[in-house]
>>> print(open('my_file.txt').read())   # compact mmCIF, C-alpha atoms
# COMPACT_ATOMS: atom_id res chain seq x y z
CA MET A 279 153.79 25.34 109.83
CA ALA A 280 153.23 28.76 108.34
CA PHE A 281 152.51 30.29 111.71
CA LEU A 282 155.72 28.74 113.11
CA SER A 283 157.75 30.24 110.32
CA ASP A 284 156.10 33.63 110.92
CA ILE A 285 156.87 33.42 114.64
CA PHE A 286 160.51 32.49 114.04
CA GLY A 287 160.76 35.25 111.46
CA ARG A 288 159.48 37.79 113.95
CA VAL A 289 161.81 36.44 116.66
CA GLY A 290 164.69 36.74 114.22
CA ARG A 291 163.80 40.35 113.46
CA VAL A 292 163.60 41.12 117.17
CA ALA A 293 166.96 39.45 117.79
CA ARG A 294 168.57 41.35 114.91
CA GLY A 295 167.03 44.56 116.17
CA GLN A 296 168.41 43.98 119.65
CA ALA A 297 171.81 43.06 118.23
CA ASN A 298 171.89 46.21 116.10
CA SER A 299 170.79 48.26 119.08
CA GLY A 300 173.60 46.74 121.12
CA VAL A 301 176.13 47.50 118.39
CA ASP A 302 174.86 51.08 118.15
CA ALA A 303 175.16 51.49 121.91
CA LEU A 304 178.67 50.03 121.83
CA GLU A 305 179.67 52.33 118.99
CA ASP A 306 178.26 55.30 120.87
CA ALA A 307 180.19 54.36 124.00
CA THR A 308 183.48 53.72 122.18
CA PHE A 309 183.22 56.32 119.41
CA GLU A 310 185.79 58.75 120.78
CA THR A 311 188.16 55.93 121.74
CA THR A 312 187.83 54.37 118.29
CA VAL A 313 188.48 57.66 116.51
CA LYS A 314 191.55 58.33 118.64
CA GLN A 315 192.78 54.79 118.03
CA THR A 316 192.44 55.36 114.29
CA VAL A 317 194.69 58.40 114.55
CA ALA A 318 197.11 56.37 116.68
CA ASP A 319 197.17 53.68 113.96
CA MET A 320 197.99 56.37 111.40
CA LYS A 321 200.90 57.48 113.57
CA THR A 322 202.07 53.88 113.80
CA GLU A 323 202.07 53.65 110.01
CA LEU A 324 203.99 56.92 109.89
CA ASN A 325 206.62 55.51 112.22
CA LYS A 326 207.03 52.51 109.93
CA VAL A 327 207.49 54.77 106.92
CA VAL A 328 209.95 56.95 108.87
CA GLN A 329 211.98 53.89 109.81
CA ALA A 330 212.00 52.68 106.21
CA SER A 331 212.97 56.16 105.07
CA ALA A 332 215.78 56.26 107.60
CA VAL A 333 217.15 52.97 106.29
CA ALA A 334 216.89 54.13 102.69
CA LEU A 335 218.49 57.47 103.49
CA SER A 336 221.29 55.74 105.39
CA ASN A 337 221.92 53.48 102.40
CA TYR A 338 222.00 56.48 100.08
CA ASN A 339 224.35 58.34 102.39
CA ARG A 340 226.77 55.40 102.46
CA LEU A 341 226.69 54.98 98.67
CA ASP A 342 227.07 58.72 98.12
CA ALA A 343 229.94 58.94 100.58
CA GLU A 344 231.66 56.02 98.84
CA ASN A 345 231.06 57.58 95.44
CA GLN A 346 232.38 60.96 96.56
CA LYS A 347 235.51 59.24 97.89
CA TYR A 348 236.28 57.79 94.46
CA VAL A 349 235.53 61.16 92.85
CA ARG A 350 238.07 62.82 95.16
CA GLN A 351 240.61 60.07 94.57
CA SER A 352 240.19 60.46 90.82
CA GLN A 353 240.95 64.16 91.14
CA GLU A 354 243.92 63.46 93.39
CA TRP A 355 245.46 60.99 90.90
CA LYS A 356 244.92 63.49 88.15
CA ASP A 357 246.77 66.13 90.15
CA ARG A 358 249.58 63.70 90.84
CA ALA A 359 249.85 62.86 87.15
CA GLY A 360 250.22 66.57 86.47
CA MET A 361 252.95 66.88 89.10
CA ALA A 362 254.79 63.92 87.58
CA LEU A 363 254.65 65.51 84.14
CA ASP A 364 255.88 68.78 85.58
CA ALA A 365 258.81 66.82 87.03
CA GLY A 366 259.46 65.21 83.66
CA ASN A 367 258.48 61.75 84.85
CA GLU A 368 256.04 60.43 82.26
CA ASP A 369 256.14 56.88 83.59
CA LEU A 370 254.98 58.04 87.02
CA ALA A 371 252.37 60.24 85.41
CA ARG A 372 251.11 57.23 83.39
CA LYS A 373 250.77 55.18 86.62
CA ALA A 374 248.84 58.00 88.32
CA LEU A 375 246.46 58.24 85.38
CA ALA A 376 245.93 54.47 85.54
CA LYS A 377 244.85 54.84 89.19
CA LYS A 378 242.60 57.71 88.16
CA ALA A 379 240.96 55.48 85.55
CA GLU A 380 240.25 52.83 88.22
CA CYS A 381 238.58 55.47 90.38
CA ASP A 382 236.57 56.77 87.43
CA GLN A 383 235.43 53.24 86.62
CA GLN A 384 234.27 52.78 90.23
CA VAL A 385 232.40 56.08 90.13
CA ALA A 386 230.67 55.05 86.91
CA SER A 387 229.68 51.64 88.27
CA MET A 388 228.22 53.22 91.40
CA ALA A 389 226.34 55.95 89.55
CA THR A 390 223.21 53.84 88.96
CA ALA A 391 223.07 52.59 92.56
CA VAL A 392 223.61 56.08 93.96
CA GLN A 393 220.93 57.55 91.71
CA GLY A 394 218.44 54.80 92.62
CA ALA A 395 219.12 55.21 96.33
CA GLN A 396 218.69 58.97 96.02
CA GLN A 397 215.38 58.61 94.20
CA THR A 398 214.08 56.11 96.79
CA SER A 399 215.15 58.37 99.63
CA GLU A 400 213.47 61.42 98.12
CA LYS A 401 210.30 59.44 97.45
CA LEU A 402 210.17 58.23 101.03
CA LYS A 403 210.75 61.77 102.29
CA GLN A 404 207.75 62.92 100.28
CA GLN A 405 205.68 60.07 101.70
CA VAL A 406 206.69 61.01 105.22
CA MET A 407 205.71 64.62 104.62
CA GLU A 408 202.39 63.55 103.10
CA LEU A 409 201.64 61.19 105.98
CA LYS A 410 202.44 63.89 108.51
CA ARG A 411 200.07 66.23 106.72
CA LYS A 412 197.36 63.55 106.67
CA ILE A 413 197.87 62.84 110.37
CA ASP A 414 197.55 66.53 111.20
CA ASP A 415 194.36 66.65 109.14
CA GLY A 416 193.23 63.39 110.75
CA GLU A 417 193.69 64.75 114.26
CA ARG A 418 191.71 67.87 113.41
CA THR A 419 189.04 65.75 111.73
CA ALA A 420 188.94 63.39 114.72
CA ASN A 421 188.40 66.28 117.13
CA THR A 422 185.68 67.65 114.87
CA LEU A 423 184.02 64.25 114.57
CA VAL A 424 184.05 63.74 118.33
CA ALA A 425 182.57 67.21 118.86
CA ARG A 426 179.89 66.57 116.22
CA LYS A 427 179.14 63.16 117.71
CA ASN A 428 178.77 64.63 121.20
CA ALA A 429 176.52 67.39 119.85
CA ALA A 430 174.39 64.83 117.97
CA THR A 431 174.13 62.66 121.09
CA ALA A 432 173.06 65.66 123.17
CA GLN A 433 170.50 66.61 120.53
CA ARG A 434 169.17 63.07 120.49
CA LYS A 435 168.81 63.06 124.28
CA VAL A 436 166.93 66.37 124.11
CA ALA A 437 164.63 64.87 121.48
CA GLU A 438 164.09 61.81 123.66
CA ALA A 439 163.31 64.05 126.63
CA MET A 440 160.83 66.01 124.54
CA SER A 441 159.30 62.73 123.45
CA GLY A 442 158.89 61.89 127.14
CA VAL A 443 157.10 65.19 127.67
CA GLY A 444 154.69 64.16 124.91
CA ASN A 445 153.98 60.97 126.80
CA ALA A 446 153.37 63.03 129.93
CA ASP A 447 150.87 65.12 127.98
CA ASN A 448 149.08 61.91 127.08
CA ALA A 449 149.00 61.00 130.77
CA PHE A 450 147.51 64.39 131.63
CA SER A 451 144.91 63.88 128.93
CA GLN A 452 144.07 60.51 130.44
CA LEU A 453 143.69 62.17 133.87
CA ASN A 454 141.36 64.77 132.36
CA ARG A 455 139.26 61.97 130.92
CA PHE A 456 139.05 60.40 134.37
CA GLU A 457 137.89 63.73 135.81
CA GLU A 458 135.26 64.07 133.11
CA SER A 459 134.03 60.55 133.86
CA VAL A 460 133.66 61.33 137.58
CA ALA A 461 131.84 64.59 136.81
CA LYS A 462 129.48 62.66 134.55
CA GLU A 463 128.75 60.14 137.32
CA GLU A 464 128.08 62.97 139.78
CA ALA A 465 125.69 64.67 137.36
CA THR A 466 123.90 61.37 136.77
CA ALA A 467 123.48 60.79 140.51
CA LYS A 468 122.08 64.29 140.96
CA ALA A 469 119.63 63.69 138.13
CA PHE A 470 118.37 60.51 139.78
CA ASP A 471 117.91 62.39 143.08
CA GLN A 472 115.89 65.02 141.26
CA LEU A 473 113.76 62.35 139.63
CA ALA A 474 113.20 60.57 142.96
CA SER A 475 111.82 63.75 144.61
CA ALA A 476 109.71 64.78 141.63
CA GLY A 477 106.57 62.91 142.90
CA LYS A 478 106.35 64.72 146.23
CA ASP A 479 103.74 67.57 146.86
CA ASP A 480 105.93 70.43 147.89
CA ASN A 481 102.95 72.72 148.73
CA LEU A 482 101.45 70.12 151.06
CA GLU A 483 104.70 69.67 152.88
CA ALA A 484 105.02 73.42 153.25
CA GLN A 485 101.51 73.70 154.72
CA PHE A 486 102.21 71.07 157.34
CA ALA A 487 105.46 72.80 158.18
CA GLN A 488 103.52 76.06 158.64
CA LEU A 489 101.01 74.34 160.97
CA GLY A 490 103.84 73.10 163.09
CA SER A 491 105.21 76.60 163.23
CA HIS A 492 101.76 78.01 164.37
CA SER A 493 101.63 75.46 167.23
CA VAL A 494 104.95 76.60 168.55
CA ASP A 495 103.89 80.24 168.27
CA SER A 496 100.68 79.56 170.25
CA GLU A 497 102.56 77.91 173.05
CA LEU A 498 104.98 80.83 173.15
CA GLU A 499 102.09 83.37 173.49
CA ALA A 500 100.44 81.31 176.27
CA LEU A 501 103.71 81.21 178.17
CA LYS A 502 104.09 84.96 177.86
CA LYS A 503 100.56 85.57 179.25
CA GLU A 504 101.19 83.21 182.12
CA ARG A 505 104.30 85.11 183.04
CA GLN A 506 102.37 88.42 183.02
CA LYS A 507 99.68 87.53 185.77
CA PRO A 508 99.41 90.16 188.64
CA PHE A 509 101.39 89.41 191.79
CA LEU A 510 99.07 88.67 194.81
CA PRO A 511 100.71 88.92 198.28
CA LYS A 512 100.11 86.12 200.71
CA GLU A 513 97.65 86.73 203.66
CA LEU A 514 99.32 87.93 206.86
CA PRO A 515 98.58 85.90 210.06
CA ALA A 516 95.92 87.37 212.46
CA ALA A 517 97.13 89.42 215.47
CA GLN A 518 96.71 87.87 218.95
CA GLY A 519 95.22 89.97 221.86
>>> encode(input="my_file.txt", output="structure tokens")
Amino acid sequence: MAFLSDIFGRVGRVARGQANSGVDALEDATFETTVKQTVADMKTELNKVVQASAVALSNYNRLDAENQKYVRQSQEWKDRAGMALDAGNEDLARKALAKKAECDQQVASMATAVQGAQQTSEKLKQQVMELKRKIDDGERTANTLVARKNAATAQRKVAEAMSGVGNADNAFSQLNRFEESVAKEEATAKAFDQLASAGKDDNLEAQFAQLGSHSVDSELEALKKERQKPFLPKELPAAQG
């Protein structure tokens, strides 16, 4: 059972290795797209914050406008009360001041809401500015990361190519070994040929070769002498009387 567990363990390691290799290849293929999508997600978050900020700012603007209306009305009733006093009409002046008091009370009751809305709006504005800054930095970082990733990938491919050259060198070395083996076989064959002819009498063979050469020379001299015999004319026929 131990060997089965070892086999399954090795198979598991191979499977995990292939899975990791596949994930690495997928990450390599989708790196730039993933980085750009990350920046796009940041922009989506920014849009959400901008929308929330717009709502908060709109709420503040409405509250502030309403508050400012009561502030103006309070001042108007105060002015009217002064006009009534100038006209000698205290009762009318008292009524105008009563209206002013209502406006002042409304301004006071709205003060907390207006202040809270203003603080929320300012905070959201700061968040928007900060997010915009981060997105600008993120875009620059994304471009840098993509460039660095491409450079690293190119460097890795160069290293892989150089590794292939190393394998080629090994192949050339193997070819050289083959050549050395053939040369060794040739030298061995030559040695056996030399050993096979070592028992022969070279002087005897040379003497017989010389005898053969003398025979040819003798025949050549005889032929020359034969060709040098004096020319004898044939006898002429006898004359008839």
>>> residues_around(input="my_file.txt", residues="region 389-401 of chain A", least_positions_apart="3", cutoff="8 Å", atoms="all atoms listed in the file", output="PyMOL selection string")
chain A and resi 331+334-335+337-338+341-342+345+385-386+404-405
>>> atom_distance(input="my_file.txt", atom1="CA of Ala330 (chain A)", atom2="CA of Asn421 (chain A)")
29.3 Å
>>> closest_residue(input="my_file.txt", among="A:Met388, A:Thr312, A:Lys403, A:Gln353", to="Leu375 (chain A)", atoms="all atoms listed in the file")
A:Gln353
>>> atom_distance(input="my_file.txt", atom1="CA of Asp382 (chain A)", atom2="CA of Arg340 (chain A)")
18.0 Å
>>> atom_distance(input="my_file.txt", atom1="CA of Lys378 (chain A)", atom2="CA of Ser352 (chain A)")
4.5 Å
